[in-house]
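*Asks:* Sending over query06.csv (CSV, C-alpha atoms).
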```
chain,number,residue,atom,x,y,z
A,508,MET,CA,-159.2,-10.8,-12.5
A,509,ASN,CA,-159.1,-14.6,-12.1
A,510,LEU,CA,-159.6,-16.3,-15.4
A,511,ARG,CA,-160.9,-19.4,-13.8
A,512,ASN,CA,-163.7,-17.4,-12.0
A,513,LEU,CA,-164.4,-15.8,-15.4
A,514,THR,CA,-164.7,-19.2,-17.0
A,515,TYR,CA,-167.1,-20.4,-14.4
A,516,PHE,CA,-169.2,-17.3,-14.7
A,517,CYS,CA,-169.4,-17.7,-18.5
A,518,ALA,CA,-170.5,-21.3,-18.0
A,519,ALA,CA,-173.2,-20.3,-15.6
A,520,TYR,CA,-174.3,-17.5,-18.0
A,521,GLU,CA,-174.6,-20.0,-20.9
A,522,ALA,CA,-176.1,-22.9,-18.9
A,523,GLY,CA,-178.6,-20.7,-16.9
A,524,SER,CA,-177.8,-22.3,-13.5
A,525,THR,CA,-174.9,-23.1,-11.2
A,526,VAL,CA,-175.8,-26.8,-11.2
A,527,ALA,CA,-175.6,-27.1,-15.0
A,528,ALA,CA,-172.4,-25.0,-15.1
A,529,ALA,CA,-170.8,-27.3,-12.5
A,530,ARG,CA,-171.6,-30.3,-14.7
A,531,LEU,CA,-170.1,-28.6,-17.8
A,532,CYS,CA,-166.9,-27.6,-15.9
A,533,HIS,CA,-166.6,-30.9,-14.0
A,534,VAL,CA,-166.6,-29.2,-10.6
A,535,THR,CA,-169.1,-29.0,-7.7
A,536,GLN,CA,-171.9,-26.4,-7.6
A,537,PRO,CA,-170.4,-24.5,-4.6
A,538,VAL,CA,-167.3,-23.8,-6.8
A,539,ILE,CA,-169.4,-22.1,-9.4
A,540,SER,CA,-171.3,-20.1,-6.8
A,541,ASN,CA,-168.1,-19.0,-5.0
A,542,ALA,CA,-166.6,-17.9,-8.4
A,543,ILE,CA,-169.6,-15.7,-9.1
A,544,ALA,CA,-169.6,-14.3,-5.6
A,545,GLN,CA,-165.9,-13.3,-5.9
A,546,LEU,CA,-166.5,-11.6,-9.3
A,547,GLU,CA,-169.5,-9.7,-7.9
A,548,GLU,CA,-167.4,-8.5,-5.0
A,549,GLU,CA,-164.4,-7.6,-7.2
A,550,LEU,CA,-166.6,-5.7,-9.7
A,551,GLY,CA,-169.0,-4.2,-7.1
A,552,THR,CA,-172.1,-5.2,-8.9
A,553,ARG,CA,-174.7,-8.0,-8.9
A,554,LEU,CA,-174.4,-10.4,-11.9
A,555,PHE,CA,-177.4,-12.7,-11.5
A,556,THR,CA,-180.7,-12.7,-9.8
A,557,ARG,CA,-181.8,-16.1,-8.6
A,558,GLN,CA,-185.1,-17.5,-9.9
A,559,GLN,CA,-187.0,-20.7,-9.4
A,560,ARG,CA,-185.7,-22.1,-12.7
A,561,GLY,CA,-182.1,-20.9,-12.4
A,562,LEU,CA,-180.2,-17.7,-12.9
A,563,ALA,CA,-181.3,-14.5,-14.6
A,564,PRO,CA,-178.4,-12.4,-15.9
A,565,THR,CA,-178.3,-8.7,-15.0
A,566,ALA,CA,-177.3,-6.0,-17.5
A,567,ALA,CA,-173.8,-6.1,-15.9
A,568,ALA,CA,-173.6,-9.8,-16.5
A,569,MET,CA,-174.5,-9.4,-20.1
A,570,ARG,CA,-171.7,-6.8,-20.5
A,571,LEU,CA,-169.2,-9.0,-18.6
A,572,PHE,CA,-170.1,-12.1,-20.7
A,573,ARG,CA,-169.4,-10.1,-23.9
A,574,LEU,CA,-166.0,-8.7,-22.6
A,575,GLY,CA,-165.0,-11.8,-20.6
A,576,GLY,CA,-165.7,-14.1,-23.5
A,577,LYS,CA,-163.3,-12.2,-25.7
A,578,LEU,CA,-160.7,-12.2,-22.9
A,579,LEU,CA,-161.0,-16.0,-22.5
A,580,ALA,CA,-160.8,-16.5,-26.3
A,581,ASP,CA,-157.6,-14.4,-26.4
A,582,ALA,CA,-156.1,-16.3,-23.5
A,583,ASP,CA,-156.8,-19.6,-25.3
A,584,ALA,CA,-155.3,-18.3,-28.5
A,585,ILE,CA,-152.1,-17.4,-26.6
A,586,VAL,CA,-151.8,-20.9,-25.2
A,587,GLU,CA,-152.5,-22.5,-28.6
A,588,THR,CA,-149.8,-20.3,-30.2
A,589,PHE,CA,-147.1,-21.5,-27.8
A,590,GLN,CA,-148.3,-25.1,-27.9
A,591,ASP,CA,-148.2,-25.0,-31.7
A,592,ALA,CA,-144.6,-23.6,-31.6
A,593,ALA,CA,-143.5,-26.3,-29.2
A,594,SER,CA,-145.1,-29.2,-31.2
A,595,HIS,CA,-144.2,-27.8,-34.6
A,596,PRO,CA,-140.7,-26.1,-34.3
A,597,ARG,CA,-140.0,-23.7,-37.2
A,598,LEU,CA,-136.7,-23.0,-38.9
A,599,SER,CA,-136.0,-20.4,-41.6
A,600,LEU,CA,-133.2,-21.3,-44.0
A,601,HIS,CA,-131.3,-19.5,-46.7
A,602,ILE,CA,-129.8,-21.7,-49.4
A,603,HIS,CA,-126.9,-20.2,-51.3
A,604,ALA,CA,-127.4,-20.2,-55.1
A,605,THR,CA,-124.3,-22.3,-55.7
A,606,VAL,CA,-125.3,-25.3,-53.5
A,607,SER,CA,-126.4,-28.4,-55.4
A,608,VAL,CA,-130.2,-28.9,-55.3
A,609,ALA,CA,-129.7,-32.7,-55.1
A,610,HIS,CA,-127.7,-32.4,-51.9
A,611,VAL,CA,-130.2,-29.9,-50.5
A,612,GLN,CA,-132.9,-32.5,-51.0
A,613,LYS,CA,-130.9,-35.1,-49.2
A,614,LEU,CA,-130.3,-32.9,-46.3
A,615,LEU,CA,-133.9,-31.7,-45.9
A,616,ARG,CA,-135.2,-35.3,-46.2
A,617,HIS,CA,-132.8,-36.2,-43.4
A,618,LEU,CA,-134.0,-33.4,-41.2
A,619,LYS,CA,-137.6,-34.3,-41.8
A,620,ARG,CA,-136.9,-37.9,-40.8
A,621,GLU,CA,-135.0,-36.8,-37.6
A,622,LEU,CA,-137.3,-33.9,-36.6
A,623,THR,CA,-140.7,-35.1,-37.8
A,624,HIS,CA,-142.6,-31.9,-36.7
A,625,LEU,CA,-140.0,-29.4,-38.1
A,626,GLU,CA,-141.6,-26.7,-40.3
A,627,LEU,CA,-139.0,-25.3,-42.7
A,628,SER,CA,-139.3,-22.0,-44.7
A,629,VAL,CA,-136.7,-21.0,-47.3
A,630,GLN,CA,-135.8,-17.3,-47.4
A,631,ASP,CA,-134.7,-15.3,-50.4
A,632,ALA,CA,-131.3,-13.7,-50.5
A,633,GLY,CA,-131.3,-10.6,-48.3
A,634,GLN,CA,-134.1,-11.9,-46.0
A,635,ALA,CA,-133.3,-12.8,-42.4
A,636,ALA,CA,-132.9,-16.5,-41.7
A,637,ASP,CA,-132.1,-18.6,-38.7
A,638,VAL,CA,-129.4,-20.5,-40.6
A,639,ALA,CA,-127.8,-20.5,-44.1
A,640,LEU,CA,-126.8,-23.5,-46.1
A,641,THR,CA,-123.7,-22.2,-47.9
A,642,SER,CA,-120.0,-22.6,-48.4
A,643,GLN,CA,-117.5,-21.8,-45.7
A,644,GLY,CA,-116.1,-19.0,-47.8
A,645,CYS,CA,-119.5,-17.3,-47.9
A,646,ALA,CA,-120.5,-18.0,-44.3
A,647,GLY,CA,-119.8,-14.4,-43.2
A,648,GLU,CA,-117.4,-13.1,-40.6
A,649,GLY,CA,-118.1,-14.0,-37.0
A,650,ARG,CA,-120.6,-16.7,-37.8
A,651,ALA,CA,-120.3,-20.3,-36.6
A,652,PHE,CA,-120.0,-22.9,-39.3
A,653,MET,CA,-120.8,-26.6,-39.3
A,654,PRO,CA,-119.3,-28.3,-42.4
A,655,LEU,CA,-121.5,-31.1,-43.9
A,656,TRP,CA,-119.8,-32.1,-47.1
A,657,GLU,CA,-116.8,-31.3,-49.3
A,658,GLU,CA,-116.8,-30.5,-53.0
A,659,GLN,CA,-113.9,-30.4,-55.5
A,660,TYR,CA,-113.8,-27.9,-58.3
A,661,ALA,CA,-113.6,-29.3,-61.8
A,662,LEU,CA,-113.9,-28.3,-65.4
A,663,LEU,CA,-117.3,-29.3,-66.8
A,664,LEU,CA,-117.8,-29.7,-70.6
A,665,PRO,CA,-120.6,-30.8,-72.9
A,666,ALA,CA,-120.2,-34.5,-73.9
A,667,ASP,CA,-119.4,-33.7,-77.5
A,668,HIS,CA,-116.9,-30.8,-76.7
A,669,PRO,CA,-113.4,-31.2,-78.3
A,670,LEU,CA,-111.7,-30.6,-74.9
A,671,ALA,CA,-113.7,-33.5,-73.4
A,672,VAL,CA,-111.5,-36.0,-75.2
A,673,GLN,CA,-108.3,-34.0,-75.4
A,674,GLU,CA,-105.5,-36.0,-73.6
A,675,ASP,CA,-103.9,-33.1,-71.8
A,676,ILE,CA,-105.7,-30.0,-70.9
A,677,GLY,CA,-104.5,-26.7,-69.3
A,678,LEU,CA,-105.9,-23.3,-68.6
A,679,ALA,CA,-104.6,-21.9,-71.9
A,680,ASP,CA,-107.0,-24.3,-73.7
A,681,LEU,CA,-109.9,-22.2,-72.5
A,682,HIS,CA,-108.9,-19.1,-74.6
A,683,GLY,CA,-111.7,-18.2,-76.9
A,684,VAL,CA,-113.8,-21.2,-75.7
A,685,ALA,CA,-117.6,-20.7,-75.1
A,686,PHE,CA,-117.9,-20.3,-71.3
A,687,ILE,CA,-120.7,-20.2,-68.7
A,688,GLU,CA,-119.8,-17.8,-65.9
A,689,ARG,CA,-121.1,-18.6,-62.4
A,690,THR,CA,-121.5,-15.2,-60.9
A,691,GLN,CA,-122.3,-16.3,-57.4
A,692,CYS,CA,-119.2,-18.5,-57.0
A,693,GLU,CA,-116.9,-17.4,-54.2
A,694,MET,CA,-113.9,-18.4,-56.4
A,695,ALA,CA,-115.0,-16.2,-59.3
A,696,SER,CA,-112.4,-13.5,-58.6
A,697,TYR,CA,-109.7,-16.2,-58.3
A,698,TRP,CA,-110.6,-17.7,-61.7
A,699,HIS,CA,-110.6,-14.2,-63.3
A,700,ALA,CA,-107.2,-13.4,-61.8
A,701,GLY,CA,-105.8,-16.7,-63.1
A,702,LEU,CA,-107.2,-16.3,-66.5
A,703,SER,CA,-105.9,-12.7,-66.7
A,704,GLN,CA,-102.4,-13.8,-65.6
A,705,PHE,CA,-102.1,-16.2,-68.4
A,706,LYS,CA,-103.8,-13.9,-70.9
A,707,VAL,CA,-106.7,-16.3,-71.3
A,708,THR,CA,-110.0,-14.8,-72.4
A,709,PRO,CA,-112.9,-17.2,-72.7
A,710,ASP,CA,-115.9,-16.4,-74.8
A,711,VAL,CA,-118.6,-15.8,-72.1
A,712,ARG,CA,-121.9,-17.0,-73.5
A,713,ALA,CA,-124.0,-16.7,-70.3
A,714,ARG,CA,-123.8,-15.4,-66.7
A,715,VAL,CA,-125.9,-17.4,-64.2
A,716,ASP,CA,-126.3,-17.1,-60.5
A,717,SER,CA,-127.3,-20.7,-59.8
A,718,GLN,CA,-125.5,-24.1,-59.9
A,719,GLU,CA,-128.5,-25.8,-61.7
A,720,TRP,CA,-128.6,-23.2,-64.5
A,721,ALA,CA,-124.8,-23.6,-65.1
A,722,LEU,CA,-125.1,-27.4,-65.3
A,723,GLY,CA,-128.1,-27.2,-67.5
A,724,LEU,CA,-126.4,-24.9,-70.0
A,725,VAL,CA,-123.3,-27.0,-70.1
A,726,ALA,CA,-125.4,-30.1,-70.7
A,727,ALA,CA,-127.2,-28.3,-73.5
A,728,GLY,CA,-123.9,-27.5,-75.2
A,729,VAL,CA,-123.9,-23.8,-74.7
A,730,GLY,CA,-120.4,-23.7,-73.1
A,731,VAL,CA,-118.1,-25.0,-70.4
A,732,THR,CA,-117.7,-23.9,-66.8
A,733,MET,CA,-115.7,-24.5,-63.7
A,734,ALA,CA,-117.8,-25.6,-60.7
A,735,PRO,CA,-117.6,-27.4,-57.4
A,736,LEU,CA,-118.9,-31.0,-57.3
A,737,HIS,CA,-119.6,-33.6,-54.7
A,738,PRO,CA,-117.8,-37.0,-55.4
A,739,LEU,CA,-121.2,-38.7,-55.7
A,740,ASP,CA,-122.7,-36.2,-58.2
A,741,LYS,CA,-123.9,-37.8,-61.4
A,742,LEU,CA,-124.3,-35.4,-64.3
A,743,ASP,CA,-126.0,-36.5,-67.5
A,744,GLY,CA,-124.6,-35.1,-70.7
A,745,ILE,CA,-121.6,-33.6,-69.0
A,746,VAL,CA,-117.9,-34.6,-68.9
A,747,VAL,CA,-116.1,-33.8,-65.7
A,748,ARG,CA,-112.4,-33.2,-65.8
A,749,HIS,CA,-110.4,-33.0,-62.6
A,750,ASP,CA,-107.0,-32.9,-64.4
A,751,LEU,CA,-106.8,-29.2,-65.1
A,752,ALA,CA,-103.7,-28.3,-63.2
A,753,GLU,CA,-105.0,-25.0,-62.0
A,754,LEU,CA,-107.9,-26.7,-60.3
A,755,GLN,CA,-105.9,-29.3,-58.4
A,756,GLY,CA,-106.6,-29.0,-54.7
A,757,ALA,CA,-109.3,-26.4,-55.2
A,758,ARG,CA,-112.0,-27.5,-52.8
A,759,ARG,CA,-114.8,-26.0,-50.6
A,760,GLN,CA,-116.8,-27.1,-47.7
A,761,VAL,CA,-120.6,-26.7,-47.6
A,762,GLY,CA,-122.4,-26.5,-44.4
A,763,LEU,CA,-124.6,-24.5,-42.0
A,764,ALA,CA,-123.7,-20.9,-41.0
A,765,TYR,CA,-125.4,-19.3,-38.1
A,766,GLU,CA,-125.0,-16.8,-35.3
A,767,PRO,CA,-123.0,-18.6,-32.5
A,768,ARG,CA,-125.4,-17.8,-29.7
A,769,ALA,CA,-128.4,-18.9,-31.7
A,770,GLY,CA,-127.1,-22.4,-31.9
A,771,GLU,CA,-127.0,-22.8,-28.1
A,772,GLY,CA,-130.7,-23.8,-27.7
A,773,GLY,CA,-134.1,-24.1,-29.3
A,774,THR,CA,-134.9,-25.4,-32.8
A,775,LEU,CA,-131.6,-24.5,-34.3
A,776,ALA,CA,-129.7,-26.5,-31.7
A,777,GLU,CA,-131.9,-29.5,-32.5
A,778,VAL,CA,-131.2,-29.1,-36.2
A,779,LEU,CA,-127.5,-29.0,-35.5
A,780,ARG,CA,-127.6,-32.2,-33.5
A,781,ALA,CA,-129.5,-33.9,-36.2
A,782,CYS,CA,-126.8,-32.8,-38.7
A,783,GLU,CA,-124.0,-34.2,-36.5
A,784,PRO,CA,-123.8,-37.6,-38.5
A,785,TRP,CA,-123.1,-35.6,-41.7
A,786,ALA,CA,-120.4,-33.6,-40.0
A,787,ARG,CA,-118.8,-36.8,-38.5
A,788,ALA,CA,-118.8,-38.5,-41.8
A,789,LEU,CA,-117.0,-35.6,-43.4
A,790,ALA,CA,-114.4,-35.6,-40.6
A,791,VAL,CA,-113.8,-39.3,-41.1
A,792,ALA,CA,-113.4,-38.8,-44.8
A,793,ALA,CA,-110.9,-36.0,-44.3
```
For the structure just supplied, provide its representation as structure tokens.
*Replies:*
Amino acid sequence: MNLRNLTYFCAAYEAGSTVAAARLCHVTQPVISNAIAQLEEELGTRLFTRQQRGLAPTAAAMRLFRLGGKLLADADAIVETFQDAASHPRLSLHIHATVSVAHVQKLLRHLKRELTHLELSVQDAGQAADVALTSQGCAGEGRAFMPLWEEQYALLLPADHPLAVQEDIGLADLHGVAFIERTQCEMASYWHAGLSQFKVTPDVRARVDSQEWALGLVAAGVGVTMAPLHPLDKLDGIVVRHDLAELQGARRQVGLAYEPRAGEGGTLAEVLRACEPWARALAVAA
């Protein structure tokens, strides 16, 4: 069934005449009449009886108007759905718990500036997402990875902690020290192995799965922790020490992890292009 003919039929049904329907649809009167004739032939029934003052719908026309109106509404809804998707591209994002909220904000503001109609949704761990903002070590096997910035691991201490002002510091100095353990850190097993090797047992006061909680507890004086930091990070109430020998050279790259084929087109490809300046800046810095 031709949807245009159905549209003209519905216009004639509502307007009560082919002349009025032609004005509503911005076509000529014969176009409306031909559409009705084609529908009558296709359905094998008369739809209108012509009267002096216009068209009188038959019982078949009443039924067709009810069914056809729903069909036209569904067709319009399909078109609007695709038009909305085109004008408002969507992207689902998973953010690893150890990624700094401050840098997430910077990245998302950049994307909203570059892709003004982009609609972002943030997925919980375990939910499917188009892309993950994570460290390269947590990207997952077989996934493509676009690095955006680099972070260096450091020892973080409350401002009034004795180790904050100690001239020389080593891993052994952490024995018995109140410690905040970052359970989601990809380097956690490495730290545990190093501590065990030197028979260092810190006093674990809290186990947290987010970067912000770890920093908050350190700033509150609950304990110390080891965490990755961006060179531009500013931490109130926290002393950052990069001179712990065991942390020298311990770095990680944070970026976007995604299925390789997904990045070849669509919204994700646009997001990756928008992130290229970040990736170039990292390459230059390296």
*Asks:* Tell me, counting only C-alpha atoms, for each residue of segment 527-625 of chain A within 9 Å of segment 719-737 of chain A, which pair of atoms is nearest and how far apart they are in Å to one decimal, in rows ordered by chain and increasing number, as CSV.
*Replies:*
```
residue,atom,partner,partner_atom,distance
A:Ala604,CA,A:Glu719,CA,8.7
A:Thr605,CA,A:Glu719,CA,8.1
A:Val606,CA,A:Glu719,CA,8.8
A:Ser607,CA,A:Glu719,CA,7.1
A:Val608,CA,A:Glu719,CA,7.3
A:His610,CA,A:His737,CA,8.7
```
*Asks:* Go through segment 645-700 of chain A residue by residue and, counting all atoms listed in the file, keep those with an atom at most 7 Å from segment 755-777 of chain A; for each kept residue give the shortest atom pair and its distance in Å to one decimal, ordered by chain and increasing number, as JSON lines.
*Replies:*
```
{"residue": "A:Ala646", "atom": "CA", "partner": "A:Ala764", "partner_atom": "CA", "distance": 5.4}
{"residue": "A:Arg650", "atom": "CA", "partner": "A:Glu766", "partner_atom": "CA", "distance": 5.1}
{"residue": "A:Ala651", "atom": "CA", "partner": "A:Pro767", "partner_atom": "CA", "distance": 5.2}
{"residue": "A:Phe652", "atom": "CA", "partner": "A:Ala764", "partner_atom": "CA", "distance": 4.5}
{"residue": "A:Met653", "atom": "CA", "partner": "A:Leu763", "partner_atom": "CA", "distance": 5.1}
{"residue": "A:Pro654", "atom": "CA", "partner": "A:Gly762", "partner_atom": "CA", "distance": 4.1}
{"residue": "A:Leu655", "atom": "CA", "partner": "A:Gly762", "partner_atom": "CA", "distance": 4.7}
{"residue": "A:Trp656", "atom": "CA", "partner": "A:Val761", "partner_atom": "CA", "distance": 5.5}
{"residue": "A:Glu657", "atom": "CA", "partner": "A:Gln760", "partner_atom": "CA", "distance": 4.5}
{"residue": "A:Glu658", "atom": "CA", "partner": "A:Arg759", "partner_atom": "CA", "distance": 5.5}
{"residue": "A:Gln659", "atom": "CA", "partner": "A:Arg758", "partner_atom": "CA", "distance": 4.4}
{"residue": "A:Tyr660", "atom": "CA", "partner": "A:Ala757", "partner_atom": "CA", "distance": 5.7}
```
*Asks:* Would you kindly return, as a list in words, each protein, DNA or RNA residue with an atom no farther than 9 Å from any atom of His749 of chain A, considering all atoms listed in the file and excluding same-chain residues fewer than 2 positions away?
*Replies:* Gln659, Tyr660, Ala661, Leu662, Leu663, Val747, Leu751, Ala752, Leu754 and Gln755 of chain A
*Asks:* Tell me which protein, DNA and RNA residues are within 12 Å of segment 542-557 of chain A, counting all atoms listed in the file, leaving out same-chain ones fewer than 5 positions away, and put them as a PyMOL selection string.
*Replies:* chain A and resi 508-520+523-525+528-529+534-537+562-572+575
*Asks:* Provide the atom CA of Ser642 of chain A to atom CA of Ser628 of chain A distance in Å, to one decimal place.
*Replies:* 19.7 Å
*Asks:* Which is closer to Ser599 of chain A than all the others in A:Glu521, A:Gln630, A:Arg616, A:Thr623, using only C-alpha atoms?
*Replies:* A:Gln630
*Asks:* Kindly provide, as a PyMOL selection string, the polymer residues lying within 10 Å of (-112.7, -19.4, -81.9), counting all atoms listed in the file and using the coordinates exactly as they appear in the file.
*Replies:* chain A and resi 682-685+709-710
*Asks:* Excluding segment 779-781 of chain A and any residue of its chain fewer than 6 positions from it, enumerate the residues within 8 Å of it, using all atoms listed in the file, and give them as an NGL selection string.
*Replies:* :A and (618 or 621-622 or 770)
*Asks:* How would the residues just picked look written out with C-alpha atoms as a PDB file, in the frame of the given file?
*Replies:*
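Output file part37.pdb is given in full below:
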```pdb
ATOM      1  CA  LEU A 618    -134.000 -33.400 -41.200  1.00  0.00           C
ATOM      2  CA  GLU A 621    -135.000 -36.800 -37.600  1.00  0.00           C
ATOM      3  CA  LEU A 622    -137.300 -33.900 -36.600  1.00  0.00           C
ATOM      4  CA  GLY A 770    -127.100 -22.400 -31.900  1.00  0.00           C
TER       5      GLY A 770
END
```
*Asks:* With a distance cut-off of 10 Å and all atoms listed in the file, select the neighbouring residues of Leu614 of chain A, excluding the residue or stretch itself and same-chain residues fewer than 5 positions from it, and output the selection as a ChimeraX atom specification.
*Replies:* /A:608-609,619-620,655,782,785
*Asks:* Between atom CA of Ile602 of chain A and atom CA of His624 of chain A, what is the spacing in Å?
*Replies:* 20.7 Å
*Asks:* Write out as a list in words each polymer residue whose atoms come within 6 Å of Ile745 of chain A, counting all atoms listed in the file; drop sequence neighbours fewer than 2 positions from it.
*Replies:*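 Here the answer would be Leu664, Pro665, Ala666, Ala726, Leu742 and Asp743 of chain A.
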*Asks:* Which of these residues is nearest to Trp698 of chain A, using all atoms listed in the file: A:Leu789, A:Ile585, A:Leu681, A:Leu615?
*Replies:*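 Between A:Leu789, A:Ile585, A:Leu681, A:Leu615, the residue approaching Trp698 of chain A most closely is A:Leu681.
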